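Working notes, structure below.
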2 protein chains.
Amino acid sequence: MAKAPVLTPRAVDFPRWYQDVIARAELAENGPVRGTMVIRPNGYAIWERMQAEIDARIKQAGAQNAYFPLFIPESYLRKEAEHVEGFSPELAVVTIGGGKELEEPIVVRPTSETIINSYFAKWIQSYRDLPLLINQWANVVRWELRPRLFLRTTEFLWQEGHTAHASEVDAHAYARRILTEVYRSVMVDVLAVPVELGVKTARERFAGATASWTCEGMMGDGKAVQMGTSHELGQNFAKAFGTTYSSETGAQEHVWQTSWGVSTRLVGALIMAHGDDNGLRLPPRLAPVQVVVVLIRDEADTRSVAERLLAELKGAGHRTLLDDRVDVSFGRRAVEWELRGVPLRLEVGPRDVADGQVTVVRRDDGSKRQVAIALAAAGAAATLEEIQGALLRQAQEFQDAHTVAVDSVDEAAEAAQSGFAVLPWSLVGPEGEDRLAASAVTVRCLQRPDGSLADSATEAGLIAICGRAY
Amino acid sequence: MAKAPVLTPRAVDFPRWYQDVIARAELAENGPVRGTMVIRPNGYAIWERMQAEIDARIKQAGAQNAYFPLFIPESYLRKEAEHVEGFSPELAVVTIGGGKELEEPIVVRPTSETIINSYFAKWIQSYRDLPLLINQWANVVRWELRPRLFLRTTEFLWQEGHTAHASEVDAHAYARRILTEVYRSVMVDVLAVPVELGVKTARERFAGATASWTCEGMMGDGKAVQMGTSHELGQNFAKAFGTTYSSETGAQEHVWQTSWGVSTRLVGALIMAHGDDNGLRLPPRLAPVQVVVVLIRDEADTRSVAERLLAELKGAGHRTLLDDRVDVSFGRRAVEWELRGVPLRLEVGPRDVADGQVTVVRRDDGSKRQVAIALAAAGAAATLEEIQGALLRQAQEFQDAHTVAVDSVDEAAEAAQSGFAVLPWSLVGPEGEDRLAASAVTVRCLQRPDGSLADSATEAGLIAICGRAY
């Protein structure tokens, strides 16, 4: 009789498989207030690793971390017309503080453009103060009617960058620099998720932006996840908040701004881009635990071999863990490490050790081989890099196989049910977007035909990448 | 004519000096909602360094990071009687979400014992699940009527640890372990602030705890700051939330719990413990910038010397920065680096360089000396360690000079106006605490006469350390 599957198979019910992975790998749970989320240690460790990789690149791009308040006076949001219209339906509002009804209601930040501009307006005096490049790691709240763990939660964790520049050209370049040097770099080089970069159509633009740039990843069911966005805000917020500077000629000018963010939804994307029917598959460069040394039985020399391997792996700079829970069955532990997606497993059992070897198991393809004890730790680095490359390659191949060029909006609406449909944007337009929406399809982004970043959504000759999205 | 001071002198008005330092060093500002705070990049960089030092020690102590929701149903808080009584007056309450009046009001977390227990109750089944050691980095909100930047803000950033144990002995040991191995270690070894460790009196205990342990530091005006606390919760929350486990004998038992936290108030304590009339003095092990290389004028070989020094310092692992803003006057830049408290300054000017040397300036004592270019970077490590030691020594000497042994509550009330007053706890008691309170003095903690940690507030022979507190 076949073993009952640990998870709902992906082919049977992908959303159910996603929920199963999160529950069984103990990544997260629903919070008591609708749409909120508890991130458990296994899930949070993944987010911490993402934070470290993103934060280093943000600092490399010259931005400094700061922290702005959670609470924003309601009046601030009303200062930018599109912005308040976009966010009003999603707000959580504090009306009681310190036991008293408040005179002015307070909004729990859905994003921080407004409160940050109120300070930029004070801090920026002269062109010498520009560019001002600020980032913050924070929680934000957007009331969510159809929550889904990690992907869409009422409260989520993110970083939000906010910058002010002396010219439109500078702001344009910086918004795009963050997209490529920070976001694409982390997504492709660390998360091993290929992403399509492009500009959003007017319909999909951030509320208050003049242009929104995006990284779109394809999940294991062919649907898209918007993994990170970077916006040019033009002078919209600068005019609403009076954020001006005196130029070299002494003239008062409004600053040009950007904002950009990625959130805990990246964890959801990571699960859905790489996971298989046995659970998570974490890319080694991201994995909180890269190698687990599993002590099968505690007898003869097994423990000393396991501990020596552990020390060698740590010495080589790998994030590693010893599983010596020999009172739990080996099979159960193997299932657990597969669920958690640890890229490499070194199994240390009495029979292998007697033969001077250990068993090395790759999580990505499940392959096993016997390796001499003396070589096992030293070989890990190369195998981990192979796994990293294999995951990216598989994801790219999957995306290629689920992307089709089409010639009409009707064809796009159908083809995008199982992947990306690509066609000239000139064949779609706002009217075509309405028709796609009837099939739950959206234009994920606009790109030049060679895949490079367009200068704006109005550039001639762009193609539209259409898909269903989480 | 004497130069106008950059800051209000400490001796003239200490609280005003504190505000001046925060403003002039650009550490923080008030937020628009009363009591909230904007942490500017210079201030946030200090907090990030604190986080890194604390987080590493928390992980060393076996706890794992996780994240629980900001929003807590109001009913959760009511489950533990003392807890709700303690926090009710300080709550911010969300009554509107997604445009609708909520059926049950939502509390913005003032601390997370209640919501965390509701999950511990699900996750903990057996003694094998214990101890469960969780930490989270988060923002919390406590409505503040007399806000003061960093020290007392409506929203603040902190870490809060929450653990569950199979026995009271284990919980007791872990709460104390965090106090000594995490908190005292960071405060003394990194922040260079000597702290008095002890147990809180019943009056000063955390709402819902059976015992509260504390680290109390002395500020530059003799007042105390409670820099970190660790609580034994007994089975109070376990009983309120039904957090039970089956023991090895199969009996259902309530878990024993702890919680512990430090917050952005540590930044305030750091400023007040070490600052002088020229600004911050940061201990080198904490300082975001340990060494600044100041290019005085960009001529002859000065730039190449400055850049070489920078590279050597970075190569040696020091956090360092090049100030090459030669269009800003040297004097103004020197004032700025003193305000920001950078421990060591290497000044590179044409005259020095012509003599094959640079000027090395220590922030802690203002001393300057000429050092051969070839030796300047290599000498930094030892000088930084000297500064670290000097700051701790000075703070300890200041505390010793402002601590007096007294024989009565009346004497304590008077002596504690300018420092710590120490007397047998048997001479004080709850009635004495009331009398001290009339002079704005509190018992900061109870200690054994040799300074070691008592087992409880009821242990015989304890001494009381009394002081005024921020």
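Chain labels follow the order of the structure tokens: the first chain is A, the next B, and so on; residue numbering restarts at 1 in every chain, and ligands are counted from 1 in their shown order.
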Practice task
Might you pull out every residue within 12 Å of Glu85 of chain B, with only C-alpha atoms counted and same-chain residues fewer than 5 positions away left off, and present them as a ChimeraX atom specification?
Solution key: /B:77-80,90-91,206-208
Same residues, C-alpha atoms, saved as a short mmCIF file (atom, residue, chain, number, x, y, z; two decimals), in the first residue's frame:
data_model
loop_
_atom_site.label_atom_id
_atom_site.label_comp_id
_atom_site.auth_asym_id
_atom_site.auth_seq_id
_atom_site.Cartn_x
_atom_site.Cartn_y
_atom_site.Cartn_z
CA LEU B 77 -6.43 41.21 27.59
CA ARG B 78 -9.21 40.67 30.07
CA LYS B 79 -8.23 37.06 30.69
CA GLU B 80 -5.47 37.91 33.17
CA GLU B 90 -2.56 52.95 28.23
CA LEU B 91 -4.31 51.26 25.32
CA PHE B 206 5.15 43.91 35.94
CA ALA B 207 1.37 43.54 35.71
CA GLY B 208 0.77 39.79 35.79
#
Problem - Leu339 of chain B surroundings by only C-alpha atoms, 12 Å radius, close-in-sequence under 2 positions cut, as a PyMOL selection string - result: chain B and resi 5-7+17-18+20-27+42+271+275-282+332-337+341-343+363-364
Practice task
Residues of chain B near chain A: apply a cut-off of 7 Å, count only C-alpha atoms, and supply the list as an MDAnalysis selection string.
Solution key: chainID B and resid 31 33 36:41 44 64:69 71:73 89:99 143
Please produce a file of those selected residues containing C-alpha atoms, as a short mmCIF file (atom, residue, chain, number, x, y, z; two decimals), in the first residue's frame.
data_model
loop_
_atom_site.label_atom_id
_atom_site.label_comp_id
_atom_site.auth_asym_id
_atom_site.auth_seq_id
_atom_site.Cartn_x
_atom_site.Cartn_y
_atom_site.Cartn_z
CA GLY B 31 5.90 62.40 15.65
CA VAL B 33 0.54 61.94 17.04
CA THR B 36 5.16 59.07 18.92
CA MET B 37 8.71 59.39 17.63
CA VAL B 38 10.58 59.58 14.34
CA ILE B 39 13.94 57.84 14.70
CA ARG B 40 16.33 59.50 12.27
CA PRO B 41 19.18 57.60 10.58
CA TYR B 44 18.39 54.26 14.15
CA GLN B 64 14.15 31.66 18.28
CA ASN B 65 12.66 34.74 16.65
CA ALA B 66 9.03 34.78 15.54
CA TYR B 67 6.37 37.41 14.91
CA PHE B 68 2.91 37.77 16.42
CA PRO B 69 0.18 40.16 15.28
CA PHE B 71 -3.72 43.53 16.75
CA ILE B 72 -5.12 41.72 19.78
CA PRO B 73 -8.85 41.15 20.42
CA PRO B 89 -5.32 53.02 30.85
CA GLU B 90 -2.56 52.95 28.23
CA LEU B 91 -4.31 51.26 25.32
CA ALA B 92 -4.87 52.45 21.76
CA VAL B 93 -8.05 50.88 20.41
CA VAL B 94 -9.02 50.27 16.78
CA THR B 95 -12.77 50.46 16.33
CA ILE B 96 -12.98 50.83 12.54
CA GLY B 97 -11.50 48.41 10.00
CA GLY B 98 -11.96 48.34 6.25
CA GLY B 99 -14.48 51.18 6.48
CA TRP B 143 -0.51 55.75 25.49
#
Problem - Pick from A:Glu103, A:Glu113, A:Glu232, A:Glu160, whichever lies nearest to Arg176 of chain A using only C-alpha atoms - result: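 Using only C-alpha atoms, the shortest distance to Arg176 of chain A belongs to A:Glu232.
The two atoms in question, atom CA of Ala401 of chain B and atom CA of Ile387 of chain B, are spaced 20.8 Å apart.
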Handout entry: For atom CA of Ser304 of chain B and atom CA of Leu286 of chain B, the interatomic separation in Å (one decimal)
Key =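 Going from atom CA of Ser304 of chain B over to atom CA of Leu286 of chain B, I get 28.6 Å.
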Exercise for the section: Name the residues in contact with segment 457-466 of chain B at a cut-off of 7 Å, using only C-alpha atoms, excluding same-chain residues fewer than 2 positions from it; report them as a list of chain:residue names. Expected result: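 Result of the neighbour search: B:Val199, B:Lys200, B:Thr201, B:Ala412, B:Ala416, B:Phe420, B:Ala421, B:Val422, B:Leu423, B:Pro424, B:Trp425, B:Val441, B:Thr442, B:Val443, B:Arg444, B:Cys445, B:Leu446, B:Gln447, B:Arg448, B:Pro449, B:Ala454, B:Asp455.
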Handout entry: Among listed residues B:Gly315, B:Gly161, B:Gly429, B:Gly198, nearest Gln257 of chain B (using only C-alpha atoms)
Key =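 For Gln257 of chain B, the nearest of the candidates is B:Gly161.
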Exercise for the section: Looking only at alpha helix (DSSP H) from DSSP on the backbone, list the matching residues of segment 270-386 of chain B as a PyMOL selection string. Expected result: chain B and resi 270-274+302-315+330-340+350-354+373-386
Generate the output file for the selected residues, C-alpha atoms, as an mmCIF file, in the first residue's frame.
data_model
loop_
_atom_site.group_PDB
_atom_site.id
_atom_site.type_symbol
_atom_site.label_atom_id
_atom_site.label_comp_id
_atom_site.auth_asym_id
_atom_site.auth_seq_id
_atom_site.Cartn_x
_atom_site.Cartn_y
_atom_site.Cartn_z
ATOM 1 C CA LEU B 270 23.172 55.550 26.379
ATOM 2 C CA ILE B 271 22.941 59.267 25.635
ATOM 3 C CA MET B 272 22.447 60.203 29.283
ATOM 4 C CA ALA B 273 25.026 57.827 30.731
ATOM 5 C CA HIS B 274 27.959 58.948 28.580
ATOM 6 C CA THR B 302 46.070 64.496 1.745
ATOM 7 C CA ARG B 303 43.356 62.641 -0.153
ATOM 8 C CA SER B 304 45.501 59.648 -0.976
ATOM 9 C CA VAL B 305 46.631 59.428 2.676
ATOM 10 C CA ALA B 306 43.018 59.677 3.885
ATOM 11 C CA GLU B 307 41.862 57.003 1.489
ATOM 12 C CA ARG B 308 44.711 54.724 2.396
ATOM 13 C CA LEU B 309 43.910 55.103 6.102
ATOM 14 C CA LEU B 310 40.231 54.386 5.387
ATOM 15 C CA ALA B 311 41.117 51.217 3.502
ATOM 16 C CA GLU B 312 43.477 50.054 6.248
ATOM 17 C CA LEU B 313 40.878 50.710 8.954
ATOM 18 C CA LYS B 314 38.180 48.861 7.010
ATOM 19 C CA GLY B 315 40.590 46.041 6.354
ATOM 20 C CA PHE B 330 36.764 72.017 9.365
ATOM 21 C CA GLY B 331 35.559 73.456 12.658
ATOM 22 C CA ARG B 332 31.944 72.804 11.832
ATOM 23 C CA ARG B 333 32.683 69.241 10.845
ATOM 24 C CA ALA B 334 34.668 68.621 14.042
ATOM 25 C CA VAL B 335 31.700 69.867 16.081
ATOM 26 C CA GLU B 336 29.404 67.555 14.145
ATOM 27 C CA TRP B 337 31.516 64.435 14.779
ATOM 28 C CA GLU B 338 31.738 65.341 18.443
ATOM 29 C CA LEU B 339 27.963 65.779 18.609
ATOM 30 C CA ARG B 340 27.512 62.367 17.029
ATOM 31 C CA PRO B 350 48.473 69.269 4.498
ATOM 32 C CA ARG B 351 50.844 70.362 7.287
ATOM 33 C CA ASP B 352 50.644 67.026 9.140
ATOM 34 C CA VAL B 353 50.974 65.018 5.959
ATOM 35 C CA ALA B 354 54.061 67.008 4.969
ATOM 36 C CA ILE B 373 50.793 57.888 9.024
ATOM 37 C CA ALA B 374 52.106 54.347 8.813
ATOM 38 C CA LEU B 375 51.075 53.615 12.421
ATOM 39 C CA ALA B 376 47.749 55.465 12.639
ATOM 40 C CA ALA B 377 45.388 52.753 11.397
ATOM 41 C CA ALA B 378 47.178 49.934 13.164
ATOM 42 C CA GLY B 379 46.989 51.828 16.442
ATOM 43 C CA ALA B 380 43.221 52.332 16.260
ATOM 44 C CA ALA B 381 42.234 48.953 17.714
ATOM 45 C CA ALA B 382 44.086 49.530 20.978
ATOM 46 C CA THR B 383 42.858 53.106 21.308
ATOM 47 C CA LEU B 384 39.265 52.048 20.725
ATOM 48 C CA GLU B 385 39.544 49.428 23.465
ATOM 49 C CA GLU B 386 41.062 52.052 25.789
#
Practice task
Determine which residues of segment 104-242 of chain B DSSP labels as strand (DSSP E or B) from the backbone of this structure, then write them out as a PyMOL selection string.
Solution key: chain B and resi 104-108+126+132-141+148+152+155-165+195-199+211-218+224-234
Output for the residues just chosen: C-alpha atoms as a short mmCIF file (atom, residue, chain, number, x, y, z; two decimals), in the first residue's frame:
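Resulting contents of out.cif:
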data_model
loop_
_atom_site.label_atom_id
_atom_site.label_comp_id
_atom_site.auth_asym_id
_atom_site.auth_seq_id
_atom_site.Cartn_x
_atom_site.Cartn_y
_atom_site.Cartn_z
CA GLU B 104 -15.15 43.55 18.83
CA PRO B 105 -12.71 46.40 19.42
CA ILE B 106 -9.08 45.59 18.71
CA VAL B 107 -6.22 46.59 20.94
CA VAL B 108 -2.88 47.67 19.48
CA SER B 126 3.85 17.41 25.91
CA LEU B 132 9.56 26.75 24.27
CA LEU B 133 11.77 29.82 23.85
CA ILE B 134 10.45 32.59 21.60
CA ASN B 135 11.52 36.17 20.98
CA GLN B 136 10.10 38.87 18.75
CA TRP B 137 11.32 42.27 17.57
CA ALA B 138 8.30 44.52 17.31
CA ASN B 139 6.67 47.87 17.93
CA VAL B 140 4.29 48.26 20.85
CA VAL B 141 1.97 51.08 21.89
CA ARG B 148 10.14 62.00 26.32
CA ARG B 152 8.96 57.20 27.20
CA GLU B 155 5.03 53.76 20.31
CA PHE B 156 8.38 52.17 20.93
CA LEU B 157 10.50 49.44 19.39
CA TRP B 158 11.63 46.52 21.49
CA GLN B 159 12.27 42.84 21.71
CA GLU B 160 9.98 40.79 23.88
CA GLY B 161 10.91 37.25 24.84
CA HIS B 162 8.27 34.75 25.91
CA THR B 163 9.08 31.31 27.20
CA ALA B 164 7.28 28.31 28.65
CA HIS B 165 8.92 25.75 30.92
CA VAL B 195 24.06 48.34 35.92
CA GLU B 196 22.62 47.25 39.24
CA LEU B 197 20.83 43.93 38.95
CA GLY B 198 18.07 43.02 41.31
CA VAL B 199 14.47 42.07 41.92
CA ALA B 211 8.72 38.34 40.07
CA SER B 212 10.36 41.06 37.98
CA TRP B 213 14.14 41.29 37.60
CA THR B 214 15.75 44.50 36.41
CA CYS B 215 18.94 46.18 35.24
CA GLU B 216 19.13 49.76 36.57
CA GLY B 217 21.63 52.21 35.15
CA MET B 218 22.62 55.62 36.55
CA ALA B 224 18.04 55.90 37.23
CA VAL B 225 16.85 54.31 34.04
CA GLN B 226 15.30 50.85 34.08
CA MET B 227 17.24 49.50 31.12
CA GLY B 228 15.82 46.01 30.84
CA THR B 229 13.50 43.69 32.71
CA SER B 230 12.92 39.96 32.88
CA HIS B 231 9.82 38.54 34.50
CA GLU B 232 8.74 35.26 36.00
CA LEU B 233 5.05 34.92 35.20
CA GLY B 234 4.49 31.81 37.28
#
Exercise for the section: Quick one: pull the distance between atom CA of Gly242 of chain B and atom CA of Ala202 of chain B, Å, one decimal. Expected result: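 Distance reported for this atom pair: 25.3 Å.
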Problem - Contact residues around Glu347 of chain B with only C-alpha atoms at 10 Å, ignoring same-chain residues under 4 positions, as a count of residues only - result: 20
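Of the listed residues B:Ser259, B:Leu191, B:Ala251, B:Asp450, the one whose atoms come nearest to Arg49 of chain B is B:Leu191, with distances taken using only C-alpha atoms.
The nearest approach to Asp327 of chain A among the residues B:Val289, B:Ile46, B:Val84, B:Arg128, with only C-alpha atoms taken into account, belongs to B:Arg128.
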